[in-house]
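Next comes entry29.tsv, a file with TSV, C-alpha atoms and all ligand atoms.
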chain	number	residue	atom	x	y	z
W	1	MET	CA	1.33	62.48	50.80
W	2	GLN	CA	1.76	59.16	52.56
W	3	SER	CA	-1.87	58.25	52.16
W	4	PHE	CA	-1.79	59.28	48.49
W	5	MET	CA	1.15	56.90	47.96
W	6	ARG	CA	-0.73	54.10	49.72
W	7	VAL	CA	-3.76	54.57	47.45
W	8	PHE	CA	-1.51	54.71	44.39
W	9	VAL	CA	0.35	51.49	45.34
W	10	CYS	CA	-2.93	49.78	46.13
W	11	ALA	CA	-4.43	50.79	42.79
W	12	THR	CA	-1.35	49.61	40.91
W	13	VAL	CA	-1.50	46.24	42.64
W	14	LEU	CA	-5.20	45.91	41.82
W	15	VAL	CA	-4.71	46.80	38.15
W	16	GLY	CA	-1.81	44.34	37.96
W	17	ALA	CA	-3.89	41.57	39.53
W	18	ALA	CA	-6.74	42.22	37.11
W	19	ALA	CA	-4.33	42.01	34.18
W	20	VAL	CA	-2.93	38.69	35.42
W	21	ALA	CA	-6.44	37.32	35.93
W	22	SER	CA	-7.55	38.35	32.46
W	23	THR	CA	-4.44	36.83	30.86
W	24	ALA	CA	-5.04	33.57	32.75
W	25	MET	CA	-8.67	33.50	31.62
W	26	HIS	CA	-7.67	34.17	28.06
W	27	GLN	CA	-5.09	31.41	28.16
W	28	SER	CA	-7.50	28.86	29.54
W	29	THR	CA	-10.09	29.74	26.87
W	30	ALA	CA	-7.42	29.34	24.20
W	31	ALA	CA	-6.40	26.00	25.69
W	32	GLN	CA	-9.99	24.80	25.62
W	33	GLY	CA	-10.29	25.90	22.00
W	34	ALA	CA	-7.14	23.99	21.09
W	35	LYS	CA	-8.43	20.93	22.92
W	36	ALA	CA	-11.73	21.12	21.04
W	37	GLN	CA	-9.82	21.31	17.74
W	38	THR	CA	-7.65	18.32	18.62
W	39	ALA	CA	-10.70	16.31	19.58
W	40	LYS	CA	-12.37	17.15	16.26
W	41	ALA	CA	-9.30	16.30	14.11
W	42	PRO	CA	-9.60	12.48	13.80
W	43	ALA	CA	-13.21	12.66	12.60
W	44	SER	CA	-12.34	14.95	9.69
W	45	ALA	CA	-9.02	13.25	8.69
W	46	PRO	CA	-9.63	10.36	6.23
W	47	ALA	CA	-6.98	8.10	7.83
W	48	ALA	CA	-8.13	4.72	6.46
W	49	PRO	CA	-8.47	5.53	2.72
W	50	SER	CA	-5.12	7.30	2.53
W	51	ASP	CA	-3.39	4.40	4.33
W	52	HIS	CA	-4.98	2.00	1.84
W	53	ALA	CA	-3.86	4.19	-1.08
W	54	LYS	CA	-0.29	4.09	0.26
W	55	VAL	CA	-0.37	0.28	0.47
W	56	VAL	CA	-1.75	0.03	-3.10
W	57	ALA	CA	0.96	2.42	-4.36
W	58	ARG	CA	3.67	0.31	-2.70
W	59	GLY	CA	2.18	-2.84	-4.27
W	60	LYS	CA	2.18	-1.17	-7.69
W	61	TYR	CA	5.85	-0.27	-7.29
W	62	LEU	CA	6.78	-3.83	-6.25
W	63	VAL	CA	4.80	-5.40	-9.12
W	64	THR	CA	5.82	-3.06	-11.93
W	65	GLU	CA	9.35	-1.99	-10.94
W	66	VAL	CA	10.81	-4.68	-8.69
W	67	ALA	CA	9.30	-8.09	-9.56
W	68	LYS	CA	8.13	-7.07	-13.08
W	69	CYS	CA	5.15	-9.46	-12.97
W	70	GLN	CA	3.86	-7.88	-16.21
W	71	GLU	CA	6.65	-9.51	-18.23
W	72	CYS	CA	4.77	-12.81	-18.01
W	73	HIS	CA	1.25	-11.92	-16.88
W	74	THR	CA	0.46	-9.18	-19.46
W	75	PRO	CA	-0.33	-10.40	-22.98
W	76	ARG	CA	1.78	-9.10	-25.86
W	77	ASP	CA	0.78	-7.61	-29.22
W	78	ALA	CA	1.97	-8.81	-32.63
W	79	ASN	CA	5.28	-6.96	-32.15
W	80	GLY	CA	5.93	-8.63	-28.81
W	81	ASN	CA	5.19	-5.47	-26.79
W	82	GLU	CA	3.13	-5.67	-23.60
W	83	ASP	CA	-0.52	-4.79	-24.30
W	84	ASP	CA	-1.25	-2.26	-21.55
W	85	SER	CA	-5.01	-2.39	-22.28
W	86	ARG	CA	-4.93	-5.95	-20.88
W	87	TRP	CA	-2.59	-5.22	-17.98
W	88	LEU	CA	-1.83	-8.41	-15.97
W	89	GLN	CA	-4.85	-10.15	-17.50
W	90	GLY	CA	-3.04	-13.42	-18.22
W	91	ALA	CA	-0.85	-14.55	-21.15
W	92	PRO	CA	0.74	-17.53	-22.83
W	93	VAL	CA	4.33	-17.97	-21.66
W	94	TRP	CA	6.67	-16.55	-24.33
W	95	ILE	CA	10.04	-17.71	-22.99
W	96	MET	CA	11.55	-21.20	-23.23
W	97	PRO	CA	14.22	-22.78	-21.03
W	98	VAL	CA	17.61	-23.43	-22.65
W	99	HIS	CA	17.67	-26.88	-21.05
W	100	HIS	CA	14.66	-29.15	-21.10
W	101	THR	CA	12.47	-28.75	-18.04
W	102	SER	CA	9.59	-31.17	-17.62
W	103	ASN	CA	7.37	-28.94	-15.50
W	104	TRP	CA	7.63	-25.66	-17.46
W	105	ALA	CA	4.25	-23.87	-17.31
W	106	MET	CA	2.83	-22.70	-20.63
W	107	ASN	CA	0.37	-20.13	-19.27
W	108	ALA	CA	0.60	-17.26	-16.79
W	109	PRO	CA	-2.92	-16.81	-15.37
W	110	ALA	CA	-4.82	-13.53	-15.04
W	111	ILE	CA	-3.87	-11.79	-11.80
W	112	ALA	CA	-5.55	-8.36	-12.35
W	113	GLY	CA	-8.44	-8.26	-9.84
W	114	PHE	CA	-6.91	-11.27	-8.06
W	115	LEU	CA	-10.23	-13.08	-8.55
W	116	GLY	CA	-10.45	-16.67	-7.36
W	117	PHE	CA	-7.63	-16.18	-4.85
W	118	THR	CA	-8.12	-15.48	-1.15
W	119	ASP	CA	-5.65	-13.30	0.73
W	120	GLN	CA	-4.37	-16.52	2.37
W	121	ASP	CA	-3.73	-18.01	-1.11
W	122	GLY	CA	-1.74	-14.86	-1.94
W	123	TYR	CA	0.38	-15.10	1.21
W	124	LYS	CA	1.28	-18.73	0.38
W	125	ILE	CA	2.06	-17.91	-3.26
W	126	PHE	CA	4.24	-14.85	-2.59
W	127	GLU	CA	5.79	-15.84	0.74
W	128	GLN	CA	6.34	-19.60	0.12
W	129	GLY	CA	5.96	-20.27	-3.61
W	130	ILE	CA	3.10	-22.70	-2.99
W	131	GLY	CA	-0.15	-22.53	-4.98
W	132	PRO	CA	-3.68	-22.78	-3.52
W	133	ASN	CA	-3.67	-26.49	-4.49
W	134	GLY	CA	-0.66	-27.06	-2.21
W	135	ILE	CA	1.66	-27.70	-5.17
W	136	THR	CA	4.94	-25.81	-5.60
W	137	ILE	CA	4.52	-23.18	-8.32
W	138	ARG	CA	6.10	-24.15	-11.65
W	139	PRO	CA	8.73	-22.22	-13.59
W	140	PRO	CA	9.07	-19.72	-15.16
W	141	MET	CA	7.06	-18.17	-12.29
W	142	HIS	CA	9.54	-17.31	-9.58
W	143	ILE	CA	9.46	-18.80	-6.11
W	144	TYR	CA	9.29	-15.59	-4.10
W	145	HIS	CA	10.01	-15.42	-0.39
W	146	MET	CA	8.52	-11.99	0.18
W	147	ASN	CA	8.01	-10.53	3.59
W	148	HIS	CA	4.37	-10.40	4.71
W	149	GLU	CA	4.02	-6.62	4.29
W	150	ASP	CA	5.09	-6.83	0.64
W	151	ALA	CA	2.67	-9.70	-0.06
W	152	VAL	CA	-0.16	-7.63	1.51
W	153	ALA	CA	0.76	-4.62	-0.67
W	154	ILE	CA	0.90	-6.69	-3.87
W	155	ILE	CA	-2.48	-8.29	-3.18
W	156	ALA	CA	-4.02	-4.84	-2.48
W	157	TYR	CA	-2.63	-3.53	-5.80
W	158	LEU	CA	-3.82	-6.57	-7.81
W	159	ARG	CA	-7.31	-6.26	-6.29
W	160	SER	CA	-7.43	-2.59	-7.38
W	161	LEU	CA	-7.03	-3.56	-11.08
W	162	PRO	CA	-9.79	-4.44	-13.57
W	163	ALA	CA	-10.04	-8.21	-14.05
W	164	PRO	CA	-10.33	-9.54	-17.61
W	165	PRO	CA	-13.90	-9.70	-18.98
W	166	GLN	CA	-15.39	-13.08	-18.04
K	201	LIG	C1	8.92	-15.11	-15.53
K	201	LIG	C2	7.48	-15.11	-15.66
K	201	LIG	C3	6.64	-14.73	-14.48
K	201	LIG	C4	6.82	-13.67	-13.63
K	201	LIG	C5	7.89	-12.59	-13.68
K	201	LIG	C6	5.77	-13.75	-12.66
K	201	LIG	N1	4.96	-14.80	-12.92
K	201	LIG	FE1	3.33	-15.37	-11.85
K	201	LIG	N2	3.15	-17.02	-12.98
K	201	LIG	C7	3.89	-17.30	-14.10
K	201	LIG	C8	3.49	-18.61	-14.59
K	201	LIG	C9	4.03	-19.29	-15.82
K	201	LIG	C10	2.51	-19.09	-13.72
K	201	LIG	C11	1.81	-20.45	-13.74
K	201	LIG	C12	2.59	-21.35	-12.80
K	201	LIG	C13	1.98	-22.71	-12.68
K	201	LIG	O1	1.09	-23.05	-13.46
K	201	LIG	O2	2.43	-23.47	-11.79
K	201	LIG	C14	2.31	-18.07	-12.71
K	201	LIG	C15	1.42	-18.16	-11.66
K	201	LIG	C16	1.06	-17.12	-10.84
K	201	LIG	C17	-0.03	-17.12	-9.92
K	201	LIG	C18	-1.01	-18.28	-9.69
K	201	LIG	C19	-0.38	-19.31	-8.78
K	201	LIG	C20	-1.27	-20.54	-8.61
K	201	LIG	O3	-0.72	-21.57	-8.19
K	201	LIG	O4	-2.47	-20.47	-8.89
K	201	LIG	C21	-0.06	-15.90	-9.32
K	201	LIG	C22	-1.06	-15.41	-8.28
K	201	LIG	C23	1.04	-15.14	-9.86
K	201	LIG	N3	1.70	-15.89	-10.78
K	201	LIG	C24	1.34	-13.85	-9.51
K	201	LIG	C25	2.52	-13.22	-9.90
K	201	LIG	C26	2.95	-11.96	-9.37
K	201	LIG	C27	2.16	-11.06	-8.41
K	201	LIG	C28	4.17	-11.70	-9.91
K	201	LIG	C29	5.09	-10.57	-9.59
K	201	LIG	C30	5.34	-10.35	-8.15
K	201	LIG	C31	4.47	-12.78	-10.83
K	201	LIG	N4	3.46	-13.69	-10.77
K	201	LIG	C32	5.60	-12.84	-11.62
K	201	LIG	C33	4.88	-16.54	-14.65
K	201	LIG	C34	5.45	-15.44	-14.03

Transcribe the structure of this file into structure tokens.
Amino acid sequence: MQSFMRVFVCATVLVGAAAVASTAMHQSTAAQGAKAQTAKAPASAPAAPSDHAKVVARGKYLVTEVAKCQECHTPRDANGNEDDSRWLQGAPVWIMPVHHTSNWAMNAPAIAGFLGFTDQDGYKIFEQGIGPNGITIRPPMHIYHMNHEDAVAIIAYLRSLPAPPQ
């Protein structure tokens, strides 16, 4: 009886040890699998394009909903409505100051495509109100003091738009 018990206890211990070993092996295989998946993830995730799309979307929001650049830079039809088929493609200024202003600009240039401007030009225009020629931008264009991130987003959005036919 005693020896039977010893064999039984021994066998139980062995079976238990085998179970623990197999669980440990299984876990380490699973861990390796998870590691392999994590390592693969960056290659398949299109991080750069979606970040760019987010910046462009932010620029679109700032241009169309906050600063409303289209009010001056999009030409108008005969009824005075913005012509969306020529979005931000440049327009004659349609508003006049109540009091005489000697340096009132008569034309808002094309900004769709942002052709002819470097990113540095854009930072100076939107962050300091200074044109590429070093001259303070004339009214009715606003002197914006945007933060750098907003200027970057606006430039990215403008570059994503079709420029007027040359
Ligand atoms: C109230 C009208 C108005 C609004 C709103 C306006 N602009 Fe202008 N913008 C002008 C006029 C007019 C000029 C020409 C100024 C000049 O000749 O000095 C101009 C000039 C510019 C220039 C060229 C600057 C240079 O010196 O070459 C850029 C770029 C520009 N605007 C971008 C924008 C953007 C982007 C927005 C919106 C964030 C905007 N503008 C909003 C009227 C406007």

Find the residues of chain W that sit at most 7 Å from ligand LIG 201 (chain K); for each, write down the nearest two atoms and how far apart they are in Å, to one decimal. Count all atoms listed in the file. Sort by chain, then by number going up, and give it as JSON lines.
{"residue": "W:Leu62", "atom": "CA", "partner": "K:LIG201", "partner_atom": "C30", "distance": 6.9}
{"residue": "W:Val63", "atom": "CA", "partner": "K:LIG201", "partner_atom": "C30", "distance": 5.1}
{"residue": "W:Ala67", "atom": "CA", "partner": "K:LIG201", "partner_atom": "C30", "distance": 4.8}
{"residue": "W:Lys68", "atom": "CA", "partner": "K:LIG201", "partner_atom": "C5", "distance": 5.6}
{"residue": "W:Cys69", "atom": "CA", "partner": "K:LIG201", "partner_atom": "C29", "distance": 3.6}
{"residue": "W:Gln70", "atom": "CA", "partner": "K:LIG201", "partner_atom": "C5", "distance": 6.7}
{"residue": "W:Glu71", "atom": "CA", "partner": "K:LIG201", "partner_atom": "C5", "distance": 5.6}
{"residue": "W:Cys72", "atom": "CA", "partner": "K:LIG201", "partner_atom": "C2", "distance": 4.3}
{"residue": "W:His73", "atom": "CA", "partner": "K:LIG201", "partner_atom": "N1", "distance": 6.1}
{"residue": "W:Val93", "atom": "CA", "partner": "K:LIG201", "partner_atom": "C9", "distance": 6.0}
{"residue": "W:Ala105", "atom": "CA", "partner": "K:LIG201", "partner_atom": "C9", "distance": 4.8}
{"residue": "W:Met106", "atom": "CA", "partner": "K:LIG201", "partner_atom": "C9", "distance": 6.0}
{"residue": "W:Asn107", "atom": "CA", "partner": "K:LIG201", "partner_atom": "C9", "distance": 5.1}
{"residue": "W:Ala108", "atom": "CA", "partner": "K:LIG201", "partner_atom": "C8", "distance": 3.9}
{"residue": "W:Pro109", "atom": "CA", "partner": "K:LIG201", "partner_atom": "C15", "distance": 5.9}
{"residue": "W:Ile111", "atom": "CA", "partner": "K:LIG201", "partner_atom": "C22", "distance": 5.8}
{"residue": "W:Gly122", "atom": "CA", "partner": "K:LIG201", "partner_atom": "C22", "distance": 6.4}
{"residue": "W:Ile125", "atom": "CA", "partner": "K:LIG201", "partner_atom": "C19", "distance": 6.2}
{"residue": "W:Ile130", "atom": "CA", "partner": "K:LIG201", "partner_atom": "O3", "distance": 6.6}
{"residue": "W:Gly131", "atom": "CA", "partner": "K:LIG201", "partner_atom": "O3", "distance": 3.4}
{"residue": "W:Pro132", "atom": "CA", "partner": "K:LIG201", "partner_atom": "O3", "distance": 5.7}
{"residue": "W:Asn133", "atom": "CA", "partner": "K:LIG201", "partner_atom": "O3", "distance": 6.8}
{"residue": "W:Ile137", "atom": "CA", "partner": "K:LIG201", "partner_atom": "O2", "distance": 4.1}
{"residue": "W:Arg138", "atom": "CA", "partner": "K:LIG201", "partner_atom": "O2", "distance": 3.7}
{"residue": "W:Pro139", "atom": "CA", "partner": "K:LIG201", "partner_atom": "C9", "distance": 6.0}
{"residue": "W:Pro140", "atom": "CA", "partner": "K:LIG201", "partner_atom": "C1", "distance": 4.6}
{"residue": "W:Met141", "atom": "CA", "partner": "K:LIG201", "partner_atom": "C33", "distance": 3.6}
{"residue": "W:His142", "atom": "CA", "partner": "K:LIG201", "partner_atom": "C6", "distance": 6.0}
{"residue": "W:Ile154", "atom": "CA", "partner": "K:LIG201", "partner_atom": "C27", "distance": 6.4}

W:Leu115 surroundings by all atoms listed in the file, 9 Å radius, close-in-sequence under 4 positions cut, as a ChimeraX atom specification: /W:110-111,159,163

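Taking atom CA of W:Tyr61 and atom CA of W:Leu88 as endpoints, the distance between them is 14.2 Å.
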
Can you work out the spacing between atom CA of W:Gly129 and atom CA of W:Met146 in Å, to one decimal?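 Atom-to-atom, atom CA of W:Gly129 and atom CA of W:Met146 are spaced 9.5 Å apart.
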
Grab the atom CA of W:Phe114 to atom CA of W:Ala153 distance for me, in Å with one decimal place.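 Between atom CA of W:Phe114 and atom CA of W:Ala153 the gap is 12.6 Å.
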
Please determine, counting all atoms listed in the file, which residue among W:Ser50, W:Gly113, W:His100, W:Thr118 has the shortest atom-to-atom distance to W:Arg86.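 Ranking W:Ser50, W:Gly113, W:His100, W:Thr118 by distance to W:Arg86, first place goes to W:Gly113.
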
Which of W:Thr74, W:Ile143, W:Ala53, W:Phe126 sits closest to W:Ser160 [using only C-alpha atoms]: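 Looking at the shortest contact to W:Ser160, the residue is W:Ala53.
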